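So this block is query-v2.cif, mmCIF, C-alpha atoms:
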data_my_file
loop_
_atom_site.label_atom_id
_atom_site.label_comp_id
_atom_site.auth_asym_id
_atom_site.auth_seq_id
_atom_site.Cartn_x
_atom_site.Cartn_y
_atom_site.Cartn_z
CA MET A 1 -5.72 -10.62 -3.67
CA VAL A 2 -5.89 -6.87 -3.84
CA ILE A 3 -6.45 -4.56 -0.88
CA GLY A 4 -7.25 -0.86 -0.82
CA GLY A 5 -7.65 1.56 2.04
CA ILE A 6 -5.41 -0.01 4.66
CA HIS A 7 -4.89 3.67 5.42
CA GLY A 8 -8.29 5.33 5.70
CA ASN A 9 -7.26 8.57 3.99
CA GLU A 10 -6.29 6.63 0.85
CA PRO A 11 -9.63 5.65 -0.74
CA ALA A 12 -8.40 5.71 -4.37
CA GLY A 13 -7.47 2.03 -4.25
CA VAL A 14 -10.96 1.06 -3.10
CA GLU A 15 -12.54 3.03 -5.96
CA ALA A 16 -10.23 1.37 -8.48
CA ILE A 17 -11.07 -2.09 -7.16
CA LYS A 18 -14.78 -1.34 -7.60
CA ARG A 19 -14.16 -0.35 -11.22
CA VAL A 20 -12.31 -3.58 -11.95
CA ILE A 21 -14.93 -5.79 -10.29
CA ARG A 22 -17.74 -4.00 -12.11
CA ARG A 23 -16.07 -4.54 -15.47
CA ILE A 24 -15.32 -8.19 -14.77
CA GLN A 25 -18.98 -8.75 -13.93
CA GLU A 26 -20.41 -6.71 -16.81
CA GLU A 27 -18.17 -8.25 -19.47
CA LYS A 28 -18.21 -11.72 -17.86
CA ILE A 29 -14.41 -11.93 -17.98
CA GLN A 30 -13.14 -15.39 -17.14
CA ILE A 31 -10.83 -15.66 -14.13
CA ASN A 32 -8.36 -18.57 -14.08
CA GLY A 33 -8.12 -18.87 -10.31
CA GLN A 34 -9.38 -16.73 -7.44
CA PHE A 35 -9.53 -12.94 -7.37
CA ILE A 36 -10.24 -11.60 -3.89
CA ALA A 37 -10.76 -7.90 -3.19
CA LEU A 38 -10.51 -6.43 0.30
CA ARG A 39 -11.06 -3.06 1.92
CA GLY A 40 -8.51 -2.37 4.64
CA ASN A 41 -9.24 -0.14 7.60
CA LEU A 42 -13.03 0.15 7.45
CA GLN A 43 -13.41 2.49 10.41
CA ALA A 44 -10.66 4.84 9.23
CA LEU A 45 -12.04 4.81 5.66
CA GLN A 46 -15.39 5.97 7.00
CA GLU A 47 -13.74 8.87 8.83
CA ARG A 48 -11.19 9.59 6.04
CA LYS A 49 -8.32 9.33 8.54
CA ARG A 50 -5.04 7.45 8.12
CA PHE A 51 -5.90 5.47 11.25
CA ILE A 52 -8.09 5.68 14.35
CA ASP A 53 -5.72 4.59 17.15
CA ILE A 54 -2.55 3.22 15.52
CA ASP A 55 -1.23 2.69 12.00
CA LEU A 56 -2.71 -0.60 10.76
CA ASN A 57 0.19 -1.05 8.34
CA ARG A 58 2.68 -1.25 11.22
CA LEU A 59 0.92 -4.03 13.13
CA TRP A 60 1.62 -7.05 10.92
CA THR A 61 3.76 -9.21 13.19
CA ASP A 62 3.13 -12.61 14.74
CA GLU A 63 3.21 -10.98 18.18
CA HIS A 64 0.45 -8.51 17.37
CA ILE A 65 -1.69 -11.12 15.63
CA ARG A 66 -1.47 -13.41 18.67
CA CYS A 67 -2.10 -10.56 21.11
CA HIS A 68 -5.51 -11.17 22.69
CA GLU A 69 -5.11 -8.32 25.17
CA CYS A 70 -4.36 -5.63 22.57
CA GLU A 71 -7.19 -3.14 22.26
CA GLY A 72 -8.09 -0.48 19.72
CA ALA A 73 -9.85 -0.08 16.41
CA GLU A 74 -6.87 -1.20 14.35
CA PHE A 75 -6.43 -4.45 16.28
CA GLU A 76 -10.03 -5.33 15.41
CA GLU A 77 -9.30 -4.58 11.76
CA LEU A 78 -6.08 -6.61 11.97
CA ASP A 79 -7.90 -9.70 13.24
CA SER A 80 -10.58 -9.43 10.57
CA LEU A 81 -8.17 -8.93 7.68
CA TYR A 82 -5.85 -11.67 8.88
CA ASP A 83 -8.73 -14.15 8.97
CA GLU A 84 -9.74 -13.23 5.41
CA ILE A 85 -6.22 -13.49 4.01
CA ARG A 86 -5.45 -16.70 5.88
CA GLY A 87 -8.69 -18.30 4.71
CA ALA A 88 -7.89 -17.41 1.11
CA ALA A 89 -4.18 -18.32 1.02
CA ASN A 90 -3.72 -21.28 3.36
CA GLY A 91 -2.98 -24.52 1.56
CA LEU A 92 -2.10 -22.85 -1.73
CA ARG A 93 1.32 -22.91 -3.36
CA GLN A 94 1.02 -19.57 -5.16
CA ALA A 95 -0.71 -16.46 -3.85
CA VAL A 96 -0.15 -12.79 -4.68
CA LEU A 97 -1.29 -9.68 -2.80
CA LEU A 98 -1.26 -6.18 -4.26
CA ASP A 99 -1.55 -3.52 -1.55
CA LEU A 100 -2.79 -0.19 -2.96
CA HIS A 101 -1.69 3.16 -1.50
CA THR A 102 -1.40 6.87 -2.25
CA THR A 103 0.94 9.51 -0.82
CA SER A 104 0.52 12.90 0.84
CA ALA A 105 2.96 14.48 -1.66
CA SER A 106 2.64 14.82 -5.42
CA SER A 107 4.07 11.71 -7.04
CA SER A 108 4.60 9.50 -10.04
CA PRO A 109 3.39 5.92 -9.45
CA PHE A 110 5.85 3.38 -8.04
CA PHE A 111 6.20 0.00 -6.37
CA ILE A 112 7.62 -0.61 -2.90
CA LEU A 113 8.77 -4.19 -2.58
CA GLY A 114 10.89 -6.49 -0.51
CA ASP A 115 13.81 -7.59 -2.67
CA THR A 116 12.81 -11.13 -3.50
CA ILE A 117 13.26 -12.55 -6.97
CA ARG A 118 9.59 -13.56 -6.96
CA ASN A 119 8.50 -9.98 -6.21
CA ARG A 120 10.82 -8.71 -8.93
CA ARG A 121 9.33 -11.05 -11.55
CA LEU A 122 5.85 -9.62 -11.12
CA THR A 123 6.84 -5.97 -11.02
CA ALA A 124 9.41 -6.19 -13.85
CA ARG A 125 6.64 -6.23 -16.45
CA ILE A 126 4.81 -3.18 -15.10
CA PRO A 127 6.42 0.08 -16.27
CA VAL A 128 6.84 2.11 -13.08
CA PRO A 129 9.86 2.59 -10.75
CA LYS A 130 10.58 0.07 -8.02
CA VAL A 131 11.90 1.10 -4.59
CA LEU A 132 13.78 -1.44 -2.46
CA GLY A 133 14.95 -1.28 1.14
CA ILE A 134 11.94 0.32 2.84
CA GLU A 135 11.22 -2.94 4.67
CA GLU A 136 14.53 -2.56 6.53
CA GLN A 137 13.54 0.87 7.82
CA ILE A 138 9.96 0.33 8.96
CA GLU A 139 8.41 -2.64 10.75
CA GLY A 140 5.07 -4.37 10.69
CA THR A 141 3.90 -3.83 7.11
CA LEU A 142 1.43 -6.23 5.54
CA SER A 143 3.61 -6.90 2.50
CA THR A 144 6.70 -7.81 4.56
CA PHE A 145 4.65 -10.09 6.81
CA LEU A 146 3.20 -11.96 3.83
CA ASN A 147 6.56 -12.17 2.02
CA GLU A 148 7.94 -13.99 5.05
CA LYS A 149 5.03 -16.42 4.89
CA GLY A 150 5.66 -17.27 1.23
CA LEU A 151 3.34 -14.96 -0.66
CA VAL A 152 4.31 -12.51 -3.37
CA ALA A 153 3.23 -9.23 -1.76
CA ILE A 154 3.99 -5.74 -3.02
CA ASN A 155 2.80 -2.17 -2.47
CA PHE A 156 1.66 -0.03 -5.37
CA GLU A 157 1.58 3.73 -4.82
CA ALA A 158 -0.51 5.46 -7.48
CA GLY A 159 0.08 9.16 -6.74
CA SER A 160 -1.19 11.71 -4.25
CA HIS A 161 -4.34 11.31 -2.15
CA GLU A 162 -6.13 14.18 -3.89
CA ASP A 163 -5.15 13.41 -7.49
CA PRO A 164 -8.13 11.92 -9.43
CA GLY A 165 -5.58 10.22 -11.68
CA SER A 166 -4.53 8.01 -8.77
CA VAL A 167 -7.69 5.95 -9.26
CA ASP A 168 -6.86 5.46 -12.96
CA ARG A 169 -3.31 4.37 -12.15
CA HIS A 170 -4.52 1.96 -9.48
CA GLU A 171 -6.96 0.45 -11.94
CA ALA A 172 -4.21 0.07 -14.54
CA ALA A 173 -1.92 -1.66 -12.03
CA ILE A 174 -4.66 -4.11 -11.03
CA TRP A 175 -5.40 -5.09 -14.64
CA LEU A 176 -1.72 -5.57 -15.47
CA ALA A 177 -1.18 -7.64 -12.32
CA LEU A 178 -4.18 -9.79 -13.17
CA THR A 179 -2.83 -10.50 -16.64
CA HIS A 180 0.80 -11.02 -15.60
CA THR A 181 -0.20 -13.53 -12.91
CA GLY A 182 -2.27 -15.45 -15.47
CA LEU A 183 -5.62 -14.91 -13.77
CA ILE A 184 -7.00 -13.08 -16.80
CA ASP A 185 -6.04 -13.54 -20.44
CA ARG A 186 -4.56 -10.42 -21.95
CA GLN A 187 -7.04 -10.61 -24.82
CA SER A 188 -9.85 -10.21 -22.30
CA VAL A 189 -8.65 -6.71 -21.47
CA PRO A 190 -9.23 -4.61 -24.64
CA SER A 191 -7.66 -1.57 -22.99
CA TYR A 192 -4.47 -3.42 -22.00
CA SER A 193 -2.20 -1.18 -24.09
CA ARG A 194 -3.90 1.95 -22.77
CA MET A 195 -3.39 0.74 -19.19
CA ARG A 196 0.32 0.23 -19.80
CA GLY A 197 0.45 3.62 -21.46
CA ILE A 198 -1.09 5.34 -18.43
CA LEU A 199 1.62 3.98 -16.13
CA ARG A 200 4.47 4.48 -18.58
CA ALA A 201 3.54 8.11 -19.23
CA SER A 202 3.15 8.82 -15.50
CA SER A 203 6.72 7.77 -14.72
CA LYS A 204 8.43 8.86 -17.93
CA GLY A 205 12.08 9.82 -17.49
CA LEU A 206 12.55 8.20 -14.08
CA PRO A 207 15.09 5.41 -13.43
CA ARG A 208 13.48 2.02 -13.01
CA VAL A 209 14.99 0.90 -9.68
CA PHE A 210 15.88 2.75 -6.46
CA GLU A 211 16.94 1.81 -2.95
CA SER A 212 16.12 3.66 0.24
CA ILE A 213 19.26 4.79 2.05
CA TYR A 214 17.86 7.05 4.79
CA ARG A 215 14.68 7.46 6.82
CA TYR A 216 13.78 10.39 9.05
CA GLY A 217 11.59 8.97 11.81
CA ILE A 218 9.30 11.28 13.75
CA ALA A 219 9.45 10.82 17.51
CA GLU A 220 6.37 10.77 19.72
CA ASN A 221 5.12 14.32 20.43
CA GLU A 222 7.60 15.77 17.93
CA ASN A 223 6.35 18.80 16.01
CA PHE A 224 7.48 18.01 12.46
CA LYS A 225 6.78 20.24 9.47
CA MET A 226 8.02 19.44 6.00
CA GLN A 227 9.13 22.33 3.81
CA ALA A 228 6.67 23.03 0.99
CA GLY A 229 7.41 22.16 -2.60
CA TYR A 230 8.84 18.64 -2.33
CA PHE A 231 7.51 15.72 -4.32
CA ASN A 232 8.55 12.09 -4.73
CA PHE A 233 11.80 11.52 -6.65
CA LYS A 234 12.83 15.21 -6.57
CA PRO A 235 16.66 15.45 -6.47
CA ILE A 236 18.10 16.97 -3.27
CA GLY A 237 21.62 17.87 -2.16
CA ARG A 238 23.42 17.21 1.09
CA GLY A 239 22.79 20.04 3.54
CA GLU A 240 19.54 21.14 1.88
CA LEU A 241 16.84 22.40 4.25
CA LEU A 242 14.03 19.85 4.18
CA ALA A 243 11.91 20.36 7.28
CA TYR A 244 11.61 21.74 10.79
CA SER A 245 11.48 19.66 13.97
CA ASN A 246 10.27 21.48 17.08
CA GLY A 247 11.34 24.69 15.38
CA GLU A 248 14.85 23.43 14.56
CA ALA A 249 15.98 23.06 10.94
CA VAL A 250 16.33 19.56 9.49
CA TYR A 251 18.91 19.30 6.72
CA ALA A 252 19.49 16.47 4.24
CA PRO A 253 22.33 14.32 5.64
CA ILE A 254 23.15 12.95 2.18
CA SER A 255 22.32 13.70 -1.43
CA GLY A 256 19.81 11.66 -3.40
CA ARG A 257 16.12 11.97 -4.13
CA ILE A 258 13.40 12.85 -1.65
CA PHE A 259 10.85 10.10 -1.14
CA MET A 260 7.45 10.15 0.58
CA PRO A 261 7.79 13.56 2.31
CA LEU A 262 5.07 13.87 4.93
CA TYR A 263 2.35 16.45 4.24
CA GLN A 264 -0.37 15.09 6.53
CA GLU A 265 -1.00 15.16 10.26
CA GLN A 266 -0.78 11.44 10.97
CA GLY A 267 2.28 9.30 10.34
CA ASN A 268 5.78 8.87 11.79
CA ASP A 269 7.84 8.76 8.60
CA GLY A 270 9.02 12.32 7.96
CA PHE A 271 10.75 11.52 4.69
CA PHE A 272 13.06 9.02 3.02
CA ILE A 273 16.06 9.56 0.76
CA ILE A 274 16.56 7.15 -2.11
CA ARG A 275 19.19 6.56 -4.79
CA LYS A 276 19.19 4.88 -8.17
CA ILE A 277 20.36 1.27 -8.48
CA ASN A 278 22.10 0.19 -11.66
CA PRO A 279 20.05 -2.72 -13.10
CA PHE A 280 23.35 -4.56 -13.66
CA TRP A 281 23.55 -5.23 -9.91
CA LEU A 282 20.09 -6.78 -9.91
CA LEU A 283 21.32 -9.26 -12.50
CA VAL A 284 24.43 -9.96 -10.40
CA SER A 285 22.29 -10.58 -7.32
CA LEU A 286 20.05 -12.98 -9.27
CA LEU A 287 23.04 -15.02 -10.41
CA LEU A 288 24.54 -15.09 -6.91
CA ARG A 289 21.29 -16.21 -5.32
CA LEU A 290 20.85 -18.95 -7.90
CA THR A 291 24.38 -20.29 -7.57
CA MET A 292 25.55 -19.60 -4.01
CA PRO A 293 24.16 -22.00 -1.37
CA ARG A 294 22.86 -20.29 1.74
CA LYS A 295 25.24 -22.18 4.06
CA TRP A 296 28.32 -20.70 2.35
CA ILE A 297 27.71 -17.31 3.96
CA VAL A 298 29.28 -18.46 7.24
CA PHE A 299 32.64 -18.93 5.52
CA LEU A 300 32.95 -15.14 5.15
CA PRO A 301 35.01 -13.56 7.98
CA GLY A 302 32.98 -12.06 10.81
CA ILE A 303 29.75 -13.93 10.06
CA LYS A 304 28.20 -16.50 12.38
CA ARG A 305 24.94 -18.33 12.00
CA CYS A 306 22.18 -17.62 14.49
CA LYS A 307 21.50 -20.85 16.39
CA ARG A 308 17.80 -20.11 16.77
CA ASP A 309 17.15 -19.45 13.08
CA LYS A 310 19.02 -21.11 10.19
CA TRP A 311 18.03 -18.26 7.87
CA THR A 312 19.63 -15.57 10.04
CA VAL A 313 23.29 -14.65 10.66
CA ARG A 314 25.11 -12.19 12.91
CA VAL A 315 27.68 -9.94 11.31
CA ASN A 316 30.59 -8.61 13.38
CA LYS A 317 30.84 -5.09 11.97
CA LYS A 318 34.49 -4.66 13.06
CA ILE A 319 35.69 -7.79 11.26
CA ALA A 320 33.37 -7.49 8.27
CA ARG A 321 34.07 -3.86 7.46
CA TRP A 322 35.35 -4.75 4.00
CA TYR A 323 32.02 -6.08 2.76
CA PRO A 324 29.17 -3.68 3.55
CA LEU A 325 25.48 -4.43 3.85
CA LYS A 326 25.13 -3.95 0.09
CA ILE A 327 27.07 -7.17 -0.49
CA LEU A 328 24.69 -9.03 1.80
CA HIS A 329 21.79 -7.49 -0.12
CA LEU A 330 23.15 -9.02 -3.31
CA LEU A 331 23.07 -12.41 -1.61
CA GLY A 332 19.43 -11.95 -0.59
CA TYR A 333 19.90 -10.89 3.03
CA ARG A 334 18.06 -8.01 4.65
CA LYS A 335 18.84 -6.11 7.82
CA VAL A 336 16.71 -7.25 10.74
CA ARG A 337 18.29 -5.41 13.65
CA ASP A 338 21.38 -3.39 14.50
CA GLU A 339 22.85 -4.68 17.77
CA GLY A 340 25.68 -2.14 18.09
CA SER A 341 28.85 -4.05 17.30
CA ARG A 342 26.85 -6.68 15.43
CA LEU A 343 24.28 -6.64 12.69
CA LEU A 344 21.48 -9.20 12.50
CA VAL A 345 20.60 -10.04 8.89
CA SER A 346 18.22 -12.64 7.52
CA ARG A 347 17.96 -14.45 4.19
CA ARG A 348 14.48 -14.27 2.72
CA LYS A 349 13.22 -17.84 2.94
CA TYR A 350 10.96 -17.66 -0.10
CA ASP A 351 13.20 -15.46 -2.22
CA LEU A 352 13.40 -17.77 -5.24
CA PHE A 353 10.71 -20.37 -4.75
CA ALA A 354 7.22 -20.62 -3.30
CA PRO A 355 6.53 -22.89 -0.30
CA GLU A 356 4.96 -26.28 -0.83
CA ASN A 357 1.91 -24.98 1.00
CA ILE A 358 1.27 -21.50 2.35
CA GLU A 359 0.49 -21.53 6.06
CA LEU A 360 -0.44 -18.31 7.86
#

Take the structure from the file and write it as structure tokens.
Amino acid sequence: MVIGGIHGNEPAGVEAIKRVIRRIQEEKIQINGQFIALRGNLQALQERKRFIDIDLNRLWTDEHIRCHECEGAEFEELDSLYDEIRGAANGLRQAVLLDLHTTSASSSPFFILGDTIRNRRLTARIPVPKVLGIEEQIEGTLSTFLNEKGLVAINFEAGSHEDPGSVDRHEAAIWLALTHTGLIDRQSVPSYSRMRGILRASSKGLPRVFESIYRYGIAENENFKMQAGYFNFKPIGRGELLAYSNGEAVYAPISGRIFMPLYQEQGNDGFFIIRKINPFWLLVSLLLRLTMPRKWIVFLPGIKRCKRDKWTVRVNKKIARWYPLKILHLLGYRKVRDEGSRLLVSRRKYDLFAPENIEL
């Protein structure tokens, strides 16, 4: 499955999907499975707005999906999209969703993904940077929701909203994903090498893996204005002036690289700061996840299993000071909630293997 326009001011993904479908039909390319294309927020796409009432890509939780009293344009879109995705994926063992986006700042293409080994396998063969950790800083995204249900689900960001090249990069990502999942034979895509070349050239010189280490969240009714001149992956130093909030200066709390600075009216993510991850640690985490049984985690000091969920543990931050959250990341755990003196972290259930049957 591929979806474009879950944010209505990001139509490049929809245009790329149309190109791919047209070529498949014209050249009668054989598909070894099902290829389903979706448009996201139809009402917002028509008005070229990120959303009408509320961000559709922050609503993907079981609570919102079951909410029959929730009103607004995006809840209608949520119900419709959920029905389409559920109808396509339920009962299958393997299903992949590629969620297409663009950014308000100038940018090289990149993936945002939850750190599952299954997500890594798909993105490893597509030559653009990968950014981990965003799922711990924002809630209710489509990709995180589907990861938890057993799908491989990743976001692909092709560039800025206004850049015509974003459509080309989206198209390239779709073709590569179709071939790497086995739905289309590589020989059926004569421009395969050119597609790889488009993505490789667009991200030349950038490290291949990053993690998000800071998010500036915009409060309700806050007047936030990002300083001009920032673009994704631009290096920044601690104490650098990044933005203004209600007229007060906002400085970088740590050094790193700026990520997704906000240059549009709608949205509550002011900016992120990311840092490079050494690929060596990804290999270490793979080996640990393959060899260390999940139940062993409770033998570490300061960690207790959550009685309501066997995949979740509570970490006493005072006792467990000597192994930070990064160690838990290596073992496949992600932060769910900070409870003050304790940290709630959860192992990704379908990190290594797909479910017997997907059930949404």

With 12 Å as the threshold, what does the neighbourhood of (-9.8, 9.2, 9.0) contain in terms of residues, counting only C-alpha atoms? Coordinates are those of the file; answer as a list in words.
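These residues have at least one counted atom within 12 Å: Gly5, Ile6, His7, Gly8, Asn9, Glu10, Pro11, Asn41, Leu42, Gln43, Ala44, Leu45, Gln46, Glu47, Arg48, Lys49, Arg50, Phe51, Ile52, Asp53, Ile54, Asp55, Ala73, Gln264, Glu265 and Gln266 of chain A.
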
Write out, as CSV, each residue of region 166-264 of chain A that has an atom at most 12 Å from region 279-282 of chain A, together with the closest pair of atoms and their distance in Å to one decimal, counting all atoms listed in the file, rows going by chain and rising number.
residue,atom,partner,partner_atom,distance
A:Pro207,CA,A:Pro279,CA,9.5
A:Arg208,CA,A:Pro279,CA,8.1
A:Val209,CA,A:Pro279,CA,7.1
A:Phe210,CA,A:Pro279,CA,9.6
A:Glu211,CA,A:Leu282,CA,11.5

Which residue of A:Lys276, A:Arg334, A:Arg118, A:Arg186 approaches Asp351 (chain A) most closely, using only C-alpha atoms
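Nearest to Asp351 (chain A): A:Arg118.
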
Write out as a tab-separated table the residues of region 92-187 of chain A that have any atom within 12 Å of an atom of region 289-298 of chain A, one row each with the nearest atom pair and its distance in Å to one decimal, counting all atoms listed in the file, sorted by chain and then rising number.
residue	atom	partner	partner_atom	distance
A:Asp115	CA	A:Arg289	CA	11.7
A:Thr116	CA	A:Arg289	CA	10.1
A:Ile117	CA	A:Arg289	CA	9.0

Please dump the current selection as a PDB file, in the frame of the given file; keep C-alpha atoms.
ATOM      1  CA  ASP A 115      13.810  -7.590  -2.670  1.00  0.00           C
ATOM      2  CA  THR A 116      12.810 -11.130  -3.500  1.00  0.00           C
ATOM      3  CA  ILE A 117      13.260 -12.550  -6.970  1.00  0.00           C
TER       4      ILE A 117
END

Smallest atom-to-atom distance to Asn357 (chain A): which of A:Arg58, A:Lys335, A:His180, A:Arg93, using all atoms listed in the file?
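Going through A:Arg58, A:Lys335, A:His180, A:Arg93 one by one, the smallest distance to Asn357 (chain A) is for A:Arg93.
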
Please evaluate the PyMOL selection byres ((chain A and resi 330) around 9) against the displayed coordinates and give the resulting residues as a count of residues only.
15

Taking all atoms listed in the file into account, name the residue in A:Thr179, A:Ser245, A:Asn268, A:Asn119 that is nearest to Ser193 (chain A).
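Among the listed residues, A:Thr179 lies closest to Ser193 (chain A).
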
Apply the PyMOL selection byres ((chain A and resi 145-157) around 9) to the file shown and report the selected residues as a PyMOL selection string.
chain A and resi 60-62+89+93-103+107-114+116+118-119+122-123+140-144+158-160+166+169-170+173+348-351+353-355+357-360

Distance of CA of Asp168 (chain A) from CA of Gly13 (chain A), expressed in Å to one decimal place:
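Computing it gives 9.4 Å between the two atoms.
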
Take the PyMOL selection byres ((chain A and resi 81) around 10), apply it to the structure above, and return the hits as a PyMOL selection string.
chain A and resi 3+6+38-41+75-80+82-87

For C-alpha atoms, I'd like the residues from the last selection saved as a JSON list (two decimals), in the frame of the given file.
[["chain", "number", "residue", "atom", "x", "y", "z"],
["A", 3, "ILE", "CA", -6.45, -4.56, -0.88],
["A", 6, "ILE", "CA", -5.41, -0.01, 4.66],
["A", 38, "LEU", "CA", -10.51, -6.43, 0.30],
["A", 39, "ARG", "CA", -11.06, -3.06, 1.92],
["A", 40, "GLY", "CA", -8.51, -2.37, 4.64],
["A", 41, "ASN", "CA", -9.24, -0.14, 7.60],
["A", 75, "PHE", "CA", -6.43, -4.45, 16.28],
["A", 76, "GLU", "CA", -10.03, -5.33, 15.41],
["A", 77, "GLU", "CA", -9.30, -4.58, 11.76],
["A", 78, "LEU", "CA", -6.08, -6.61, 11.97],
["A", 79, "ASP", "CA", -7.90, -9.70, 13.24],
["A", 80, "SER", "CA", -10.58, -9.43, 10.57],
["A", 82, "TYR", "CA", -5.85, -11.67, 8.88],
["A", 83, "ASP", "CA", -8.73, -14.15, 8.97],
["A", 84, "GLU", "CA", -9.74, -13.23, 5.41],
["A", 85, "ILE", "CA", -6.22, -13.49, 4.01],
["A", 86, "ARG", "CA", -5.45, -16.70, 5.88],
["A", 87, "GLY", "CA", -8.69, -18.30, 4.71]]

Between A:Leu92, A:Gln187, A:Phe233, A:Val313, which has the minimum distance to Lys130 (chain A) (counting all atoms listed in the file)?
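Looking at the shortest contact to Lys130 (chain A), the residue is A:Phe233.
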
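The closest residue to Ile184 (chain A), picked from A:Ile277, A:Ala249, A:Leu132, A:Ile24 and counting all atoms listed in the file, is A:Ile24.
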
Record the distance separating CA of Leu178 (chain A) and CA of Tyr192 (chain A), expressed in Å with one decimal.
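Those two atoms sit 10.9 Å apart.
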
Excluding Cys306 (chain A) and residues on its chain fewer than 2 positions from it, collect all residues at most 12 Å away from it, counting all atoms listed in the file, and give them as a PDB file with C-alpha atoms, in the coordinates of the input.
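Contents of out.pdb, as written:
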ATOM      1  CA  LYS A 295      25.240 -22.180   4.060  1.00  0.00           C
ATOM      2  CA  ILE A 297      27.710 -17.310   3.960  1.00  0.00           C
ATOM      3  CA  VAL A 298      29.280 -18.460   7.240  1.00  0.00           C
ATOM      4  CA  ILE A 303      29.750 -13.930  10.060  1.00  0.00           C
ATOM      5  CA  LYS A 304      28.200 -16.500  12.380  1.00  0.00           C
ATOM      6  CA  ARG A 308      17.800 -20.110  16.770  1.00  0.00           C
ATOM      7  CA  ASP A 309      17.150 -19.450  13.080  1.00  0.00           C
ATOM      8  CA  LYS A 310      19.020 -21.110  10.190  1.00  0.00           C
ATOM      9  CA  TRP A 311      18.030 -18.260   7.870  1.00  0.00           C
ATOM     10  CA  THR A 312      19.630 -15.570  10.040  1.00  0.00           C
ATOM     11  CA  VAL A 313      23.290 -14.650  10.660  1.00  0.00           C
ATOM     12  CA  ARG A 314      25.110 -12.190  12.910  1.00  0.00           C
ATOM     13  CA  VAL A 315      27.680  -9.940  11.310  1.00  0.00           C
ATOM     14  CA  ARG A 342      26.850  -6.680  15.430  1.00  0.00           C
ATOM     15  CA  LEU A 343      24.280  -6.640  12.690  1.00  0.00           C
ATOM     16  CA  LEU A 344      21.480  -9.200  12.500  1.00  0.00           C
ATOM     17  CA  VAL A 345      20.600 -10.040   8.890  1.00  0.00           C
ATOM     18  CA  SER A 346      18.220 -12.640   7.520  1.00  0.00           C
ATOM     19  CA  ARG A 347      17.960 -14.450   4.190  1.00  0.00           C
TER      20      ARG A 347
END

Please measure the separation of CA of Arg275 (chain A) and CA of Leu287 (chain A), giving the value in Å to one decimal.
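Here the two named atoms are 22.6 Å from each other.
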
For Tyr230 (chain A), which residue out of A:Ser106, A:Ser202, A:Arg120, A:Cys70 is the nearest one, using all atoms listed in the file?
A:Ser106

Box time for region 83-96 of chain A: axis-aligned, enclosing all its listed atoms, 3 Å extra on each side; report centre and edge lengths in Å to one decimal, as AutoDock Vina command-line options.
--center_x -4.2 --center_y -18.7 --center_z 1.9 --size_x 17.1 --size_y 17.7 --size_z 20.1

Excluding Gly239 (chain A) and any residue of its chain fewer than 3 positions from it, enumerate the residues within 9 Å of it, using all atoms listed in the file, and give them as a PyMOL selection string.
chain A and resi 236+242+250-255

What's the 6 Å shell around Gly133 (chain A), counting all atoms listed in the file, without same-chain residues fewer than 2 positions away, as number ranges by chain?
A: 135-136, 211-212

Mind dumping region 197-231 of chain A from that block, keeping C-alpha atoms, as a short mmCIF file (atom, residue, chain, number, x, y, z; two decimals), in the first residue's frame?
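Dumped everything to selection-v7.cif:
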data_model
loop_
_atom_site.label_atom_id
_atom_site.label_comp_id
_atom_site.auth_asym_id
_atom_site.auth_seq_id
_atom_site.Cartn_x
_atom_site.Cartn_y
_atom_site.Cartn_z
CA GLY A 197 20.51 7.47 -9.00
CA ILE A 198 17.91 10.18 -8.34
CA LEU A 199 17.74 9.28 -4.65
CA ARG A 200 21.46 8.71 -4.23
CA ALA A 201 22.36 12.06 -5.80
CA SER A 202 19.75 13.89 -3.70
CA SER A 203 21.28 12.74 -0.42
CA LYS A 204 24.95 12.62 -1.42
CA GLY A 205 27.35 13.27 1.46
CA LEU A 206 24.84 12.70 4.26
CA PRO A 207 25.27 9.97 6.91
CA ARG A 208 22.91 7.06 6.42
CA VAL A 209 21.29 6.83 9.89
CA PHE A 210 20.23 9.46 12.44
CA GLU A 211 18.24 9.51 15.66
CA SER A 212 16.05 12.31 16.95
CA ILE A 213 17.23 13.58 20.33
CA TYR A 214 15.09 16.70 20.82
CA ARG A 215 11.70 18.05 19.77
CA TYR A 216 10.44 21.59 20.22
CA GLY A 217 6.67 21.31 20.61
CA ILE A 218 4.50 24.34 19.91
CA ALA A 219 1.87 25.01 22.57
CA GLU A 220 -1.70 25.98 21.76
CA ASN A 221 -1.98 29.68 20.86
CA GLU A 222 1.82 30.03 20.86
CA ASN A 223 3.20 32.47 18.29
CA PHE A 224 6.15 30.52 16.87
CA LYS A 225 8.39 31.82 14.10
CA MET A 226 11.37 29.88 12.81
CA GLN A 227 14.45 31.83 11.82
CA ALA A 228 14.96 31.93 8.05
CA GLY A 229 17.66 29.93 6.33
CA TYR A 230 17.39 26.53 8.00
CA PHE A 231 17.01 23.30 6.06
#
